[in-house]
Protein chains: 2
Amino acid sequence: MITNKLNFTVGPVQSSDAVRELGSEQVPYFRTPEFSELMFENERLMKAFTKADENARVCFMTGSGTASMEAAVANCFTQEDKVLVINGGSFGHRFEELVEIYDIPHTTIHLEMGKALTREQLYAYDGQGYTGLLVNVHETSTGVHYDIEMISDFCKKNGIFLIVDAISSFLCDEFDMKALGASVMITGSQKALACPPGISIIVLAPNAVERVYANKPKCMYLDLKLALKNGERGQTPFTPAVATLRQINVRLKEIEAAGGVEAEIKRIADLAEDFRKQIIELPFEIISDSMSNCVTPLHPKNVSAYDIFTILKDEYDIWICPNGGDMADKVFRVGHIGYLTKEDNKRLIDALKDMQRRNLL
Amino acid sequence: MITNKLNFTVGPVQSSDAVRELGSEQVPYFRTPEFSELMFENERLMKAFTKADENARVCFMTGSGTASMEAAVANCFTQEDKVLVINGGSFGHRFEELVEIYDIPHTTIHLEMGKALTREQLYAYDGQGYTGLLVNVHETSTGVHYDIEMISDFCKKNGIFLIVDAISSFLCDEFDMKALGASVMITGSQKALACPPGISIIVLAPNAVERVYANKPKCMYLDLKLALKNGERGQTPFTPAVATLRQINVRLKEIEAAGGVEAEIKRIADLAEDFRKQIIELPFEIISDSMSNCVTPLHPKNVSAYDIFTILKDEYDIWICPNGGDMADKVFRVGHIGYLTKEDNKRLIDALKDMQRRNLL
């Protein structure tokens, strides 16, 4: 059996008591007016917290964030499009793979690890007939938060359909979907929503709803027409992760009661700031040009990042977030999302200081 | 807030106390050797309970049963195949839609509602070069359990690759994957596995694993190569529904401790038999030619089936399972899966008898 540890990963993260308690209830039957009401409330609150257009729609997909990234690409773009992909890490790379699978003409802007997208890099593609742009506003793998205002301006100037993966940025960083003119915004249940993984969420601006209805992707499970159509009656086309959708409902209402999206962003920003102030004393280098409040990506100057992950897990009962692939030894990440407090930050800092005393850093 | 009722639907169903308790724990980080061990155990027990080949593999998909039905079609068949689809209800129709989406040459055997597939119907396609067959061994929408031995013999004789959706039949009815020569078997977390919905499971015989690796479906999320590859280290390509996978682990071990798959099938068969004996006294007609132990499909002789669903829900705190579409008024179903007892059967029978006294049946 897996014991639970203090969790500073970027998902799954710690949940509130109310969310956890709901996890122990029997899961109700869902083809009912009662469940439809809950889903309408989820849609209303997601639109409020993303500042979406009043005619925007929300699809709740039973699947990981990648399911919704794929659904966005497959339902909103066609071979008639010409798409710019911002690839600054694993998740940008995933968008690039997706447009390749769906044969969507595209150009990729490759960024160095930890580097922000510059105005020069982006405007090299100004006035060249691009119709779409795919960006992970927070590239979770490297902890870089891109300048979304700049990207938005570029897209507006060029009439570009903007799809924003905000999976790990939602509730952490300011995001005004309507003001930015973003057509699609994606997030997931297990990031700052702090519910179990299993649901990803797609907010579609009215022009995205139009594209979905005009398009005919070669898939059933990720066909957003089915999700939109069933959503009109507060339902999903296939049996969804009902328990997680109920937990999302409780969590969205918790956020609303505590002051809404601004209050939640401030809470997470405060936690991130508190941690970043204290980490300065330790032998780490922050590797991101421009951080989200979601996570702090750190490069240990003297030892393997993956070893730090293992030692904290096995000897201190703390999870930090390791990186995969060729970043595994270079970078680890400390998340600030989920049910965490400044006392928890202190416990992690103390553990790292203890490792330093033991010559393990 | 949704209150919970006594649940006789076919999913989500009631969970055991141990499964529910786990739902209230924090969800652990999963890119760890500890979680990999749990996944290996899940794979081992799924293979044991489906009686799969020792070299079979198991993919745990975060998604509904339809996600796995689509993955099976997209990964195992190509335009070079010639597939027979058994369509006896909503889920057979779904397989038909899937082969259409993926442009797979096919012939559909349409069955009347509630009717079993006959030997004559099937053998009309003998020796005609079919390479694949898709069947929902238990067509959940109408409660018909097909003669899988007969289908298996036909497929063996014709060298046909057999995909069996056993979503609502697994743990309810005998199923010996290796003896039947089935190449793919599909089930879901929220049926007799009695966990929350959100995970579907695909068991692949060695010849199916080969097909998956030889094939290149135009999708990422449902690409089983990624699932198989990551599964070699007990992991998934994308963040899975970790909480549900842990609950599945507890539940599989509960079944093992109680005597394994045979004991669980017997328990459910006893519950079904107990209910079916008592329902004779009431003004219902069983509409299925050949039932699974999973569910009893009933046609009320005098009133609307959907009204019975609504009255039981609102006035007796009991859920039965309504049907959709044009069957809504004609048929309702009573499930025998999940954490149910004979006392629960009695409560439902008493409620129906009370409705009869009130002239509501």
# chains A, B, ... in the order shown; residues from 1 in each chain; ligands from 1

$ select_by_dssp --residues "segment 193-239 of chain B" --states "strand (DSSP E or B)" --output "list in words"
Ile199, Ser200, Ile201, Ile202, Val203 and Leu204 of chain B

$ interface_residues --of "chain A" --to "chain B" --cutoff "6 Å" --atoms "only C-alpha atoms" --output "NGL selection string"
:A and (4 or 12 or 14 or 20-21 or 23-24 or 26 or 28-29 or 62-64 or 67 or 101 or 197-198 or 218 or 221 or 239 or 241)

$ write_last_selection --atoms "N, CA, C and O atoms" --output "PDB file, in the first residue's frame"
ATOM      1  N   ASN A   4       0.788   8.110   2.048  1.00  0.00           N
ATOM      2  CA  ASN A   4       0.751   9.461   1.506  1.00  0.00           C
ATOM      3  C   ASN A   4       1.773  10.347   2.173  1.00  0.00           C
ATOM      4  O   ASN A   4       2.020  10.265   3.359  1.00  0.00           O
ATOM      5  N   PRO A  12      -0.972  14.486  -9.353  1.00  0.00           N
ATOM      6  CA  PRO A  12      -2.042  14.922  -8.453  1.00  0.00           C
ATOM      7  C   PRO A  12      -1.482  15.711  -7.257  1.00  0.00           C
ATOM      8  O   PRO A  12      -0.372  15.419  -6.808  1.00  0.00           O
ATOM      9  N   GLN A  14      -2.575  17.831  -3.318  1.00  0.00           N
ATOM     10  CA  GLN A  14      -3.412  17.591  -2.138  1.00  0.00           C
ATOM     11  C   GLN A  14      -4.782  18.261  -2.290  1.00  0.00           C
ATOM     12  O   GLN A  14      -4.885  19.363  -2.811  1.00  0.00           O
ATOM     13  N   ARG A  20     -12.010  15.616  -0.303  1.00  0.00           N
ATOM     14  CA  ARG A  20     -11.657  14.241   0.070  1.00  0.00           C
ATOM     15  C   ARG A  20     -12.857  13.482   0.625  1.00  0.00           C
ATOM     16  O   ARG A  20     -13.089  12.318   0.284  1.00  0.00           O
ATOM     17  N   GLU A  21     -13.621  14.147   1.495  1.00  0.00           N
ATOM     18  CA  GLU A  21     -14.788  13.464   2.091  1.00  0.00           C
ATOM     19  C   GLU A  21     -15.762  12.978   1.024  1.00  0.00           C
ATOM     20  O   GLU A  21     -16.320  11.896   1.121  1.00  0.00           O
ATOM     21  N   GLY A  23     -15.039  11.970  -1.757  1.00  0.00           N
ATOM     22  CA  GLY A  23     -14.462  10.782  -2.390  1.00  0.00           C
ATOM     23  C   GLY A  23     -14.867   9.490  -1.714  1.00  0.00           C
ATOM     24  O   GLY A  23     -14.762   8.413  -2.299  1.00  0.00           O
ATOM     25  N   SER A  24     -15.333   9.570  -0.483  1.00  0.00           N
ATOM     26  CA  SER A  24     -15.722   8.349   0.230  1.00  0.00           C
ATOM     27  C   SER A  24     -17.217   8.059   0.111  1.00  0.00           C
ATOM     28  O   SER A  24     -17.690   7.034   0.595  1.00  0.00           O
ATOM     29  N   GLN A  26     -20.754   7.036  -1.827  1.00  0.00           N
ATOM     30  CA  GLN A  26     -21.163   6.257  -2.989  1.00  0.00           C
ATOM     31  C   GLN A  26     -21.337   7.206  -4.172  1.00  0.00           C
ATOM     32  O   GLN A  26     -21.787   8.336  -4.014  1.00  0.00           O
ATOM     33  N   PRO A  28     -23.236   8.599  -7.193  1.00  0.00           N
ATOM     34  CA  PRO A  28     -24.658   8.531  -7.587  1.00  0.00           C
ATOM     35  C   PRO A  28     -24.845   8.204  -9.062  1.00  0.00           C
ATOM     36  O   PRO A  28     -23.958   8.425  -9.878  1.00  0.00           O
ATOM     37  N   TYR A  29     -26.009   7.689  -9.377  1.00  0.00           N
ATOM     38  CA  TYR A  29     -26.391   7.552 -10.782  1.00  0.00           C
ATOM     39  C   TYR A  29     -26.503   8.967 -11.361  1.00  0.00           C
ATOM     40  O   TYR A  29     -26.870   9.900 -10.668  1.00  0.00           O
ATOM     41  N   THR A  62     -13.677  13.078 -19.753  1.00  0.00           N
ATOM     42  CA  THR A  62     -13.083  12.082 -18.876  1.00  0.00           C
ATOM     43  C   THR A  62     -11.811  11.596 -19.552  1.00  0.00           C
ATOM     44  O   THR A  62     -11.849  10.840 -20.522  1.00  0.00           O
ATOM     45  N   GLY A  63     -10.683  12.097 -19.048  1.00  0.00           N
ATOM     46  CA  GLY A  63      -9.387  11.820 -19.656  1.00  0.00           C
ATOM     47  C   GLY A  63      -8.356  12.772 -19.079  1.00  0.00           C
ATOM     48  O   GLY A  63      -8.699  13.715 -18.353  1.00  0.00           O
ATOM     49  N   SER A  64      -7.117  12.536 -19.406  1.00  0.00           N
ATOM     50  CA  SER A  64      -6.043  13.415 -18.920  1.00  0.00           C
ATOM     51  C   SER A  64      -6.023  14.703 -19.732  1.00  0.00           C
ATOM     52  O   SER A  64      -6.770  14.855 -20.704  1.00  0.00           O
ATOM     53  N   ALA A  67      -5.841  14.316 -23.469  1.00  0.00           N
ATOM     54  CA  ALA A  67      -7.095  14.040 -24.180  1.00  0.00           C
ATOM     55  C   ALA A  67      -7.717  15.351 -24.656  1.00  0.00           C
ATOM     56  O   ALA A  67      -8.194  15.456 -25.785  1.00  0.00           O
ATOM     57  N   ILE A 101       0.150  14.256 -36.214  1.00  0.00           N
ATOM     58  CA  ILE A 101      -0.782  13.127 -36.335  1.00  0.00           C
ATOM     59  C   ILE A 101      -1.996  13.514 -37.178  1.00  0.00           C
ATOM     60  O   ILE A 101      -2.464  12.740 -38.005  1.00  0.00           O
ATOM     61  N   PRO A 197      -7.055  13.233 -10.427  1.00  0.00           N
ATOM     62  CA  PRO A 197      -6.947  13.272 -11.889  1.00  0.00           C
ATOM     63  C   PRO A 197      -8.035  12.430 -12.539  1.00  0.00           C
ATOM     64  O   PRO A 197      -8.575  11.515 -11.918  1.00  0.00           O
ATOM     65  N   GLY A 198      -8.340  12.725 -13.802  1.00  0.00           N
ATOM     66  CA  GLY A 198      -9.333  11.940 -14.524  1.00  0.00           C
ATOM     67  C   GLY A 198     -10.275  12.790 -15.361  1.00  0.00           C
ATOM     68  O   GLY A 198     -10.938  12.280 -16.248  1.00  0.00           O
ATOM     69  N   LYS A 218     -12.008  12.578 -37.168  1.00  0.00           N
ATOM     70  CA  LYS A 218     -12.130  11.123 -37.286  1.00  0.00           C
ATOM     71  C   LYS A 218     -11.953  10.464 -35.923  1.00  0.00           C
ATOM     72  O   LYS A 218     -10.974   9.729 -35.699  1.00  0.00           O
ATOM     73  N   TYR A 221     -14.612   9.386 -29.322  1.00  0.00           N
ATOM     74  CA  TYR A 221     -14.481   9.735 -27.907  1.00  0.00           C
ATOM     75  C   TYR A 221     -14.105  11.203 -27.712  1.00  0.00           C
ATOM     76  O   TYR A 221     -14.518  11.837 -26.740  1.00  0.00           O
ATOM     77  N   THR A 239     -20.349   7.647 -20.075  1.00  0.00           N
ATOM     78  CA  THR A 239     -20.298   7.709 -18.610  1.00  0.00           C
ATOM     79  C   THR A 239     -19.046   8.461 -18.167  1.00  0.00           C
ATOM     80  O   THR A 239     -17.927   8.020 -18.425  1.00  0.00           O
ATOM     81  N   ALA A 241     -16.401  10.526 -15.317  1.00  0.00           N
ATOM     82  CA  ALA A 241     -15.879  10.300 -13.971  1.00  0.00           C
ATOM     83  C   ALA A 241     -16.746  11.102 -12.999  1.00  0.00           C
ATOM     84  O   ALA A 241     -16.390  12.181 -12.531  1.00  0.00           O
TER      85      ALA A 241
END

$ residues_around --residues "Ala182 of chain B" --least-positions-apart "3" --cutoff "9 Å" --atoms "only C-alpha atoms" --output "PyMOL selection string"
chain B and resi 52+152+155+161-164+176-179+185+204-205

$ write_last_selection --atoms "all heavy atoms" --output "CSV table (one decimal), in the first residue's frame"
chain,number,residue,atom,x,y,z
B,52,ALA,N,-6.7,-14.9,-19.1
B,52,ALA,CA,-6.0,-14.6,-20.4
B,52,ALA,C,-4.7,-15.4,-20.5
B,52,ALA,O,-4.2,-15.9,-19.5
B,52,ALA,CB,-5.6,-13.1,-20.3
B,152,SER,N,-17.2,-17.8,-30.6
B,152,SER,CA,-15.8,-18.3,-30.5
B,152,SER,C,-15.5,-19.4,-31.5
B,152,SER,O,-14.6,-19.3,-32.3
B,152,SER,CB,-15.5,-18.7,-29.1
B,152,SER,OG,-14.4,-19.6,-29.1
B,155,CYS,N,-15.4,-17.9,-35.0
B,155,CYS,CA,-14.2,-17.2,-35.2
B,155,CYS,C,-13.0,-18.1,-35.4
B,155,CYS,O,-12.1,-17.8,-36.3
B,155,CYS,CB,-14.0,-16.2,-34.1
B,155,CYS,SG,-15.2,-14.8,-34.1
B,161,PHE,N,-10.3,-12.5,-36.0
B,161,PHE,CA,-9.8,-11.8,-34.8
B,161,PHE,C,-11.0,-11.3,-34.0
B,161,PHE,O,-11.7,-10.4,-34.5
B,161,PHE,CB,-8.9,-10.6,-35.3
B,161,PHE,CG,-8.2,-9.8,-34.3
B,161,PHE,CD1,-6.9,-10.1,-33.9
B,161,PHE,CD2,-8.8,-8.7,-33.6
B,161,PHE,CE1,-6.2,-9.4,-33.0
B,161,PHE,CE2,-8.1,-8.0,-32.7
B,161,PHE,CZ,-6.8,-8.3,-32.3
B,162,LEU,N,-11.1,-11.8,-32.8
B,162,LEU,CA,-12.4,-11.5,-32.0
B,162,LEU,C,-12.1,-10.5,-30.9
B,162,LEU,O,-11.3,-10.6,-30.1
B,162,LEU,CB,-12.8,-12.8,-31.4
B,162,LEU,CG,-14.0,-12.8,-30.4
B,162,LEU,CD1,-15.2,-12.2,-31.0
B,162,LEU,CD2,-14.2,-14.2,-29.8
B,163,ILE,N,-12.9,-9.4,-31.0
B,163,ILE,CA,-12.9,-8.3,-30.0
B,163,ILE,C,-14.2,-8.4,-29.2
B,163,ILE,O,-15.3,-8.3,-29.8
B,163,ILE,CB,-12.7,-6.9,-30.6
B,163,ILE,CG1,-11.4,-6.8,-31.4
B,163,ILE,CG2,-12.9,-5.8,-29.6
B,163,ILE,CD1,-11.1,-5.4,-31.9
B,164,VAL,N,-14.0,-8.6,-27.9
B,164,VAL,CA,-15.2,-8.8,-27.1
B,164,VAL,C,-15.3,-7.6,-26.1
B,164,VAL,O,-14.5,-7.4,-25.2
B,164,VAL,CB,-15.2,-10.1,-26.3
B,164,VAL,CG1,-16.4,-10.2,-25.4
B,164,VAL,CG2,-15.0,-11.3,-27.2
B,176,ASP,N,-13.6,-17.1,-20.4
B,176,ASP,CA,-12.3,-17.7,-20.4
B,176,ASP,C,-11.6,-17.2,-21.7
B,176,ASP,O,-11.8,-17.8,-22.8
B,176,ASP,CB,-12.4,-19.2,-20.4
B,176,ASP,CG,-11.0,-19.9,-20.3
B,176,ASP,OD1,-10.0,-19.3,-20.8
B,176,ASP,OD2,-10.9,-20.9,-19.6
B,177,MET,N,-10.9,-16.1,-21.6
B,177,MET,CA,-10.4,-15.5,-22.8
B,177,MET,C,-9.5,-16.4,-23.7
B,177,MET,O,-9.7,-16.4,-24.9
B,177,MET,CB,-9.6,-14.2,-22.4
B,177,MET,CG,-9.1,-13.4,-23.5
B,177,MET,SD,-8.6,-11.7,-22.9
B,177,MET,CE,-7.9,-11.1,-24.5
B,178,LYS,N,-8.6,-17.1,-23.0
B,178,LYS,CA,-7.7,-18.0,-23.8
B,178,LYS,C,-8.5,-19.1,-24.4
B,178,LYS,O,-8.3,-19.4,-25.6
B,178,LYS,CB,-6.6,-18.5,-22.8
B,178,LYS,CG,-5.5,-19.2,-23.6
B,178,LYS,CD,-4.3,-19.5,-22.7
B,178,LYS,CE,-3.3,-20.3,-23.5
B,178,LYS,NZ,-2.2,-20.7,-22.6
B,179,ALA,N,-9.4,-19.8,-23.7
B,179,ALA,CA,-10.1,-20.9,-24.3
B,179,ALA,C,-11.0,-20.4,-25.4
B,179,ALA,O,-11.2,-21.1,-26.4
B,179,ALA,CB,-11.0,-21.6,-23.2
B,185,MET,N,-10.4,-8.1,-24.9
B,185,MET,CA,-11.5,-8.1,-24.0
B,185,MET,C,-11.5,-6.7,-23.3
B,185,MET,O,-10.4,-6.2,-22.9
B,185,MET,CB,-11.3,-9.2,-23.0
B,185,MET,CG,-12.4,-9.3,-22.0
B,185,MET,SD,-12.2,-8.3,-20.5
B,185,MET,CE,-13.4,-9.0,-19.4
B,204,LEU,N,-5.3,-7.6,-23.8
B,204,LEU,CA,-4.8,-7.9,-25.2
B,204,LEU,C,-4.1,-9.2,-25.2
B,204,LEU,O,-3.1,-9.4,-24.5
B,204,LEU,CB,-3.9,-6.8,-25.7
B,204,LEU,CG,-4.4,-5.4,-25.8
B,204,LEU,CD1,-3.2,-4.4,-26.0
B,204,LEU,CD2,-5.4,-5.2,-27.0
B,205,ALA,N,-4.6,-10.2,-26.0
B,205,ALA,CA,-3.9,-11.5,-26.2
B,205,ALA,C,-2.7,-11.2,-27.0
B,205,ALA,O,-2.5,-10.1,-27.6
B,205,ALA,CB,-4.8,-12.4,-26.9

$ residues_around --residues "Thr140 of chain A" --least-positions-apart "3" --cutoff "9 Å" --atoms "only C-alpha atoms" --output "ChimeraX atom specification"
/A:10,89-91,136-137,143-145,167-169,292,294-295

$ select_by_dssp --residues "segment 40-130 of chain B" --states "helix (DSSP H, G or I)" --output "ChimeraX atom specification"
/B:40-50,65-76,90-101,119-123

$ write_last_selection --atoms "N, CA and C atoms" --output "CSV table (one decimal), in the first residue's frame"
chain,number,residue,atom,x,y,z
B,40,PHE,N,1.4,-3.2,-11.7
B,40,PHE,CA,1.7,-4.6,-12.1
B,40,PHE,C,0.8,-5.6,-11.5
B,41,GLU,N,0.4,-5.3,-10.2
B,41,GLU,CA,-0.5,-6.2,-9.5
B,41,GLU,C,-1.9,-6.1,-10.2
B,42,ASN,N,-2.3,-4.9,-10.6
B,42,ASN,CA,-3.6,-4.8,-11.3
B,42,ASN,C,-3.6,-5.6,-12.6
B,43,GLU,N,-2.5,-5.5,-13.3
B,43,GLU,CA,-2.4,-6.3,-14.6
B,43,GLU,C,-2.4,-7.8,-14.3
B,44,ARG,N,-1.7,-8.2,-13.3
B,44,ARG,CA,-1.7,-9.7,-13.0
B,44,ARG,C,-3.1,-10.2,-12.6
B,45,LEU,N,-3.8,-9.4,-11.8
B,45,LEU,CA,-5.1,-9.9,-11.4
B,45,LEU,C,-6.1,-9.8,-12.5
B,46,MET,N,-6.0,-8.8,-13.3
B,46,MET,CA,-7.0,-8.7,-14.5
B,46,MET,C,-6.7,-9.9,-15.4
B,47,LYS,N,-5.5,-10.3,-15.6
B,47,LYS,CA,-5.2,-11.4,-16.5
B,47,LYS,C,-5.7,-12.7,-15.8
B,48,ALA,N,-5.6,-12.8,-14.5
B,48,ALA,CA,-6.1,-14.0,-13.8
B,48,ALA,C,-7.6,-14.1,-14.0
B,49,PHE,N,-8.3,-13.0,-13.7
B,49,PHE,CA,-9.8,-13.0,-13.7
B,49,PHE,C,-10.4,-13.1,-15.1
B,50,THR,N,-9.6,-12.8,-16.1
B,50,THR,CA,-10.2,-13.0,-17.5
B,50,THR,C,-9.7,-14.3,-18.1
B,65,GLY,N,-15.9,3.4,-21.1
B,65,GLY,CA,-15.8,2.2,-21.9
B,65,GLY,C,-15.7,2.5,-23.4
B,66,THR,N,-16.4,3.5,-23.8
B,66,THR,CA,-16.3,3.9,-25.2
B,66,THR,C,-14.9,4.2,-25.7
B,67,ALA,N,-14.1,4.8,-24.8
B,67,ALA,CA,-12.7,5.1,-25.1
B,67,ALA,C,-12.0,3.8,-25.5
B,68,SER,N,-12.2,2.8,-24.7
B,68,SER,CA,-11.5,1.5,-24.9
B,68,SER,C,-12.1,0.8,-26.1
B,69,MET,N,-13.4,0.9,-26.4
B,69,MET,CA,-14.0,0.3,-27.6
B,69,MET,C,-13.4,1.0,-28.8
B,70,GLU,N,-13.2,2.3,-28.7
B,70,GLU,CA,-12.6,3.0,-29.9
B,70,GLU,C,-11.2,2.7,-30.0
B,71,ALA,N,-10.5,2.6,-28.9
B,71,ALA,CA,-9.0,2.2,-29.0
B,71,ALA,C,-8.9,0.8,-29.6
B,72,ALA,N,-9.7,-0.1,-29.2
B,72,ALA,CA,-9.6,-1.5,-29.7
B,72,ALA,C,-9.8,-1.5,-31.3
B,73,VAL,N,-10.9,-0.8,-31.7
B,73,VAL,CA,-11.1,-0.7,-33.2
B,73,VAL,C,-10.0,0.0,-33.9
B,74,ALA,N,-9.5,1.2,-33.4
B,74,ALA,CA,-8.5,2.0,-34.1
B,74,ALA,C,-7.2,1.3,-34.1
B,75,ASN,N,-6.9,0.5,-33.0
B,75,ASN,CA,-5.5,-0.1,-32.9
B,75,ASN,C,-5.4,-1.5,-33.5
B,76,CYS,N,-6.5,-2.2,-33.6
B,76,CYS,CA,-6.5,-3.6,-34.0
B,76,CYS,C,-7.0,-3.8,-35.5
B,90,SER,N,-27.8,-0.4,-28.3
B,90,SER,CA,-27.0,0.9,-28.4
B,90,SER,C,-25.5,0.6,-28.5
B,91,PHE,N,-25.0,-0.4,-27.8
B,91,PHE,CA,-23.6,-0.6,-27.8
B,91,PHE,C,-23.1,-1.3,-29.0
B,92,GLY,N,-23.9,-2.2,-29.6
B,92,GLY,CA,-23.6,-2.7,-30.9
B,92,GLY,C,-23.6,-1.7,-31.9
B,93,HIS,N,-24.5,-0.7,-31.8
B,93,HIS,CA,-24.6,0.4,-32.8
B,93,HIS,C,-23.3,1.3,-32.6
B,94,ARG,N,-22.8,1.4,-31.4
B,94,ARG,CA,-21.6,2.2,-31.2
B,94,ARG,C,-20.4,1.5,-31.9
B,95,PHE,N,-20.3,0.2,-31.9
B,95,PHE,CA,-19.2,-0.5,-32.6
B,95,PHE,C,-19.4,-0.2,-34.1
B,96,GLU,N,-20.6,-0.2,-34.6
B,96,GLU,CA,-20.9,0.0,-36.0
B,96,GLU,C,-20.4,1.5,-36.4
B,97,GLU,N,-20.8,2.4,-35.5
B,97,GLU,CA,-20.3,3.8,-35.8
B,97,GLU,C,-18.8,3.9,-35.8
B,98,LEU,N,-18.2,3.2,-34.9
B,98,LEU,CA,-16.7,3.3,-34.8
B,98,LEU,C,-16.0,2.7,-36.1
B,99,VAL,N,-16.5,1.6,-36.6
B,99,VAL,CA,-15.8,1.0,-37.8
B,99,VAL,C,-16.1,2.0,-39.0
B,100,GLU,N,-17.3,2.7,-38.9
B,100,GLU,CA,-17.5,3.7,-40.0
B,100,GLU,C,-16.6,4.8,-39.9
B,101,ILE,N,-16.4,5.4,-38.7
B,101,ILE,CA,-15.4,6.5,-38.5
B,101,ILE,C,-14.0,6.1,-39.0
B,119,ARG,N,-27.4,-19.2,-34.5
B,119,ARG,CA,-26.4,-19.9,-35.3
B,119,ARG,C,-26.6,-19.6,-36.8
B,120,GLU,N,-27.8,-19.6,-37.2
B,120,GLU,CA,-28.1,-19.4,-38.6
B,120,GLU,C,-27.7,-18.0,-39.1
B,121,GLN,N,-28.0,-17.0,-38.2
B,121,GLN,CA,-27.6,-15.6,-38.6
B,121,GLN,C,-26.1,-15.5,-38.7
B,122,LEU,N,-25.4,-16.1,-37.8
B,122,LEU,CA,-23.9,-16.0,-37.8
B,122,LEU,C,-23.3,-16.8,-38.9
B,123,TYR,N,-23.8,-18.0,-39.1
B,123,TYR,CA,-23.1,-18.8,-40.1
B,123,TYR,C,-23.5,-18.5,-41.6

$ atom_distance --atom1 "atom CA of Leu348 of chain B" --atom2 "atom CA of Phe170 of chain B"
24.3 Å

$ atom_distance --atom1 "atom CA of Phe60 of chain A" --atom2 "atom CA of Glu232 of chain A"
12.4 Å

$ decode --residues "segment 302-337 of chain B" --atoms "C-alpha atoms" --output "PDB file, in the first residue's frame"
ATOM      1  CA  ASN B 302     -49.301  -1.102 -17.991  1.00  0.00           C
ATOM      2  CA  VAL B 303     -47.243   2.053 -17.398  1.00  0.00           C
ATOM      3  CA  SER B 304     -44.220   3.983 -18.653  1.00  0.00           C
ATOM      4  CA  ALA B 305     -40.862   2.508 -17.687  1.00  0.00           C
ATOM      5  CA  TYR B 306     -39.399   5.988 -17.257  1.00  0.00           C
ATOM      6  CA  ASP B 307     -42.172   6.971 -14.833  1.00  0.00           C
ATOM      7  CA  ILE B 308     -41.276   3.976 -12.667  1.00  0.00           C
ATOM      8  CA  PHE B 309     -37.658   5.167 -12.625  1.00  0.00           C
ATOM      9  CA  THR B 310     -38.721   8.670 -11.558  1.00  0.00           C
ATOM     10  CA  ILE B 311     -41.144   7.524  -8.848  1.00  0.00           C
ATOM     11  CA  LEU B 312     -38.654   5.051  -7.340  1.00  0.00           C
ATOM     12  CA  LYS B 313     -35.998   7.795  -7.309  1.00  0.00           C
ATOM     13  CA  ASP B 314     -38.139  10.572  -5.854  1.00  0.00           C
ATOM     14  CA  GLU B 315     -40.463   8.653  -3.532  1.00  0.00           C
ATOM     15  CA  TYR B 316     -38.542   5.517  -2.517  1.00  0.00           C
ATOM     16  CA  ASP B 317     -34.899   6.631  -2.661  1.00  0.00           C
ATOM     17  CA  ILE B 318     -34.044   3.849  -5.083  1.00  0.00           C
ATOM     18  CA  TRP B 319     -32.354   4.085  -8.467  1.00  0.00           C
ATOM     19  CA  ILE B 320     -33.173   1.560 -11.134  1.00  0.00           C
ATOM     20  CA  CYS B 321     -31.635   1.972 -14.574  1.00  0.00           C
ATOM     21  CA  PRO B 322     -33.719   3.778 -17.181  1.00  0.00           C
ATOM     22  CA  ASN B 323     -33.228   3.202 -20.889  1.00  0.00           C
ATOM     23  CA  GLY B 324     -32.590   5.996 -23.364  1.00  0.00           C
ATOM     24  CA  GLY B 325     -34.021   6.923 -26.741  1.00  0.00           C
ATOM     25  CA  ASP B 326     -37.107   5.099 -27.994  1.00  0.00           C
ATOM     26  CA  MET B 327     -36.762   2.436 -25.314  1.00  0.00           C
ATOM     27  CA  ALA B 328     -37.216   4.983 -22.504  1.00  0.00           C
ATOM     28  CA  ASP B 329     -40.908   4.300 -21.945  1.00  0.00           C
ATOM     29  CA  LYS B 330     -40.765   0.616 -22.761  1.00  0.00           C
ATOM     30  CA  VAL B 331     -37.871  -0.788 -20.754  1.00  0.00           C
ATOM     31  CA  PHE B 332     -36.114  -0.307 -17.445  1.00  0.00           C
ATOM     32  CA  ARG B 333     -33.328  -2.434 -16.032  1.00  0.00           C
ATOM     33  CA  VAL B 334     -32.446  -3.710 -12.582  1.00  0.00           C
ATOM     34  CA  GLY B 335     -28.744  -4.294 -12.045  1.00  0.00           C
ATOM     35  CA  HIS B 336     -27.276  -6.983  -9.799  1.00  0.00           C
ATOM     36  CA  ILE B 337     -23.725  -5.637  -9.719  1.00  0.00           C
TER      37      ILE B 337
END
